[in-house]
Amino acid sequence: MRSILIIVSLASLVALILPSILFLAGRMDLDKAKWIMILATIIWFVTATGWMWKEPGKTQKDEVVVP
Amino acid sequence: MSEERQSQQTQAGDEFEREPVPKSALLGFKSFVGMYAGEHCAGTELMIGPLFVAAGVSAFDLVVGLIAGNVLAVLSWMFLCAPIATRARLTLYYQLEKICGRQLVTLYNLANGVMFCFLAGAMVTVSATALGVWFKFPMPELSDKYPNSIGWIIAVLACGAMISIVAAYGYQIVSKVANIAAPWMVLVFIAFGLVGLKQFIDATGTQVTSLGDVWTLAQTSIWKGGDPLPGQVKFTFWHVMFFAWFCNMAMHIGMSDLSVLRFAKKSWYAVASGTGMFLGHFLAWLAAAILYAFQMHAEPGNTKVLPGPLAYQAAGLTGLICVIIAGWTTANPTIYRAGLAFQAIVPRSSRFRVTLITGAIATVAAMFPALAMRLLDFVALYGLVLMPMGAVVFVDYWLIRKFGLKSSYAEVSGRAFNWAAGLAWGVTLVTAFLLVKYAGVQIFFVSLPGWFVAAVLYIILSKFYQKNIRPAAAL
């Protein structure tokens, strides 16, 4: 399940950036690009939350700097 | 100690707050790559990029200045901060306490807290601009100092209240959301740039067949140079380079990142800061700058620097969500950090209440557009204020024994306030203020000589101080 979530989430990141590349290349209009980007965003947050939520935190400077 | 604080300390590795980080707790290179990449893609990047355009920067000055400044910043992390961090393996706070004494560290915390508060205010401002797209209230102009509409005040209040309450209640959740949002946000920033570039190509009718054509477009249409907008300082190569180098001065030269890099197995891991510099402080700034330049191209009279509308125009709802999340996830830890800094001054106060009050101050500051619209100056000031203590740490660690003096003198002498360090800090800031106010030196350029002033002053003043204030055992 985790592997599937990782693959889908990574695919959503590709789907997020691809429309802007296609728009730059003149292969897609902006409205369509915006729709695909919002769809990719939703998929990213749903699937990435599934596998990233329980990951241990990275080095958090926010807490360690102060006493 | 509250349960929340305990769990945050565990997460942060705070158990090594007053001791060197042991070998078993050291982290690999990847941890730092992720942290720096996420940390430097913040909501404020969407303000800084456009402000470069408003400052009349040219394409060469911007691109080459950013590359040079970012490389210098990475080198500062690698050769000033990391070598001390990986040798002493102490937090900045503990290192400073040993050198300066508890009272002076408290003063440092106060300065830090105030700066964080205003920085968080700028981030709240960024988020509030996204609400303007939905609710259509009048938003601030580039030259505005005061809130210009009831709608704006309500939007800032709503954003500020939400961010402050979440910071007080559920910091860890925001931290997790920030981790999840980081890779997505970087790609949205890049998408902003690509969309903006295409809009420029279409609007100018430029034929682009090579990178050379893109560069020509950048020089002739995007970053044309010339006069800055009214009220803005003209930015040259040197302005851009020093700004990029010093915008995180508090972290590298100011040594705040001792607390982070003490976990690094090797000091060269600080090169990971390059991910943050070249994603956040290069790509994101350029992308945001392109969006603003296009707005100016399409509507020459519209000089408003409003990340919400800029992002919406380029990426629709995704852009708006990006603005809100970028502002929210970075304002939150900043308010939390400011709250902790203030709480250290009054340890008995409830952290919940202090964080709420801190958030309220940040929210009030956010209502005044002058803070966000003058963000370039404020960021330079932020680095400048904390920089002298970095010079003190550097000198105390590497040089002071060569002058026959003792390092960590507050600890050695048992004093709570090392006047040599305190005066070095204060006199450096006064000197910088006088240079800016009366000698016409711009704030972006005073930090470099300021570092040397602080270093030399600390050595000279320590000569007197250590001669007159003896360790208790030596009396």
# chains A, B, ... in the order shown; residues from 1 in each chain; ligands from 1
call {"tool": "closest_atom_pairs", "arguments": {"of": "chain B", "to": "chain A", "cutoff": "7 Å", "atoms": "only C-alpha atoms", "output": "CSV"}}
result
residue,atom,partner,partner_atom,distance
B:Gln11,CA,A:Gly57,CA,6.6
B:Ala12,CA,A:Gln60,CA,5.5
B:Asp14,CA,A:Val64,CA,6.1
B:Ser31,CA,A:Lys58,CA,6.1
B:Met35,CA,A:Lys58,CA,6.3
B:Thr91,CA,A:Val65,CA,6.5
B:Leu92,CA,A:Val65,CA,6.5
B:Tyr93,CA,A:Val66,CA,6.4
B:Lys176,CA,A:Trp53,CA,6.3
B:Ile180,CA,A:Met52,CA,6.5
B:Trp184,CA,A:Leu13,CA,6.7
B:Leu187,CA,A:Ile17,CA,6.2
B:Ala191,CA,A:Ser20,CA,5.5
B:Leu194,CA,A:Ser20,CA,6.0
B:Val195,CA,A:Ser20,CA,5.8
B:Lys198,CA,A:Leu24,CA,5.0
B:Ser256,CA,A:Val65,CA,6.6
B:Ser259,CA,A:Val65,CA,5.5
B:Val260,CA,A:Lys61,CA,5.6
B:Ala315,CA,A:Lys34,CA,5.4
B:Gly316,CA,A:Lys34,CA,5.6
B:Leu317,CA,A:Ile38,CA,6.4
B:Thr318,CA,A:Ile38,CA,5.1
B:Pro333,CA,A:Asp62,CA,6.1
B:Arg337,CA,A:Asp62,CA,6.0
B:Leu340,CA,A:Val66,CA,6.6
B:Ala341,CA,A:Val66,CA,6.0
B:Ala344,CA,A:Pro67,CA,6.7
call {"tool": "residues_around", "arguments": {"residues": "region 288-292 of chain B", "least_positions_apart": "6", "cutoff": "8 Å", "atoms": "only C-alpha atoms", "output": "list in words"}}
result
Glu45, Leu46, Met47, Ile48, Gly49, Pro50, Leu51, Phe52, Val53, Phe189, Phe192, Gly193, Gly196, Leu197, Ile222, Val305, Leu310, Ala311 and Ala314 of chain B
call {"tool": "select_by_dssp", "arguments": {"residues": "region 109-357 of chain B", "states": "alpha helix (DSSP H)", "output": "VMD selection string"}}
result
chain B and resid 109 to 135 150 to 169 171 to 204 211 to 217 237 to 246 258 to 261 273 to 278 285 to 298 307 to 345 351 to 357
call {"tool": "atom_distance", "arguments": {"atom1": "CA of Ala391 (chain B)", "atom2": "CA of Gly254 (chain B)"}}
result
7.0 Å
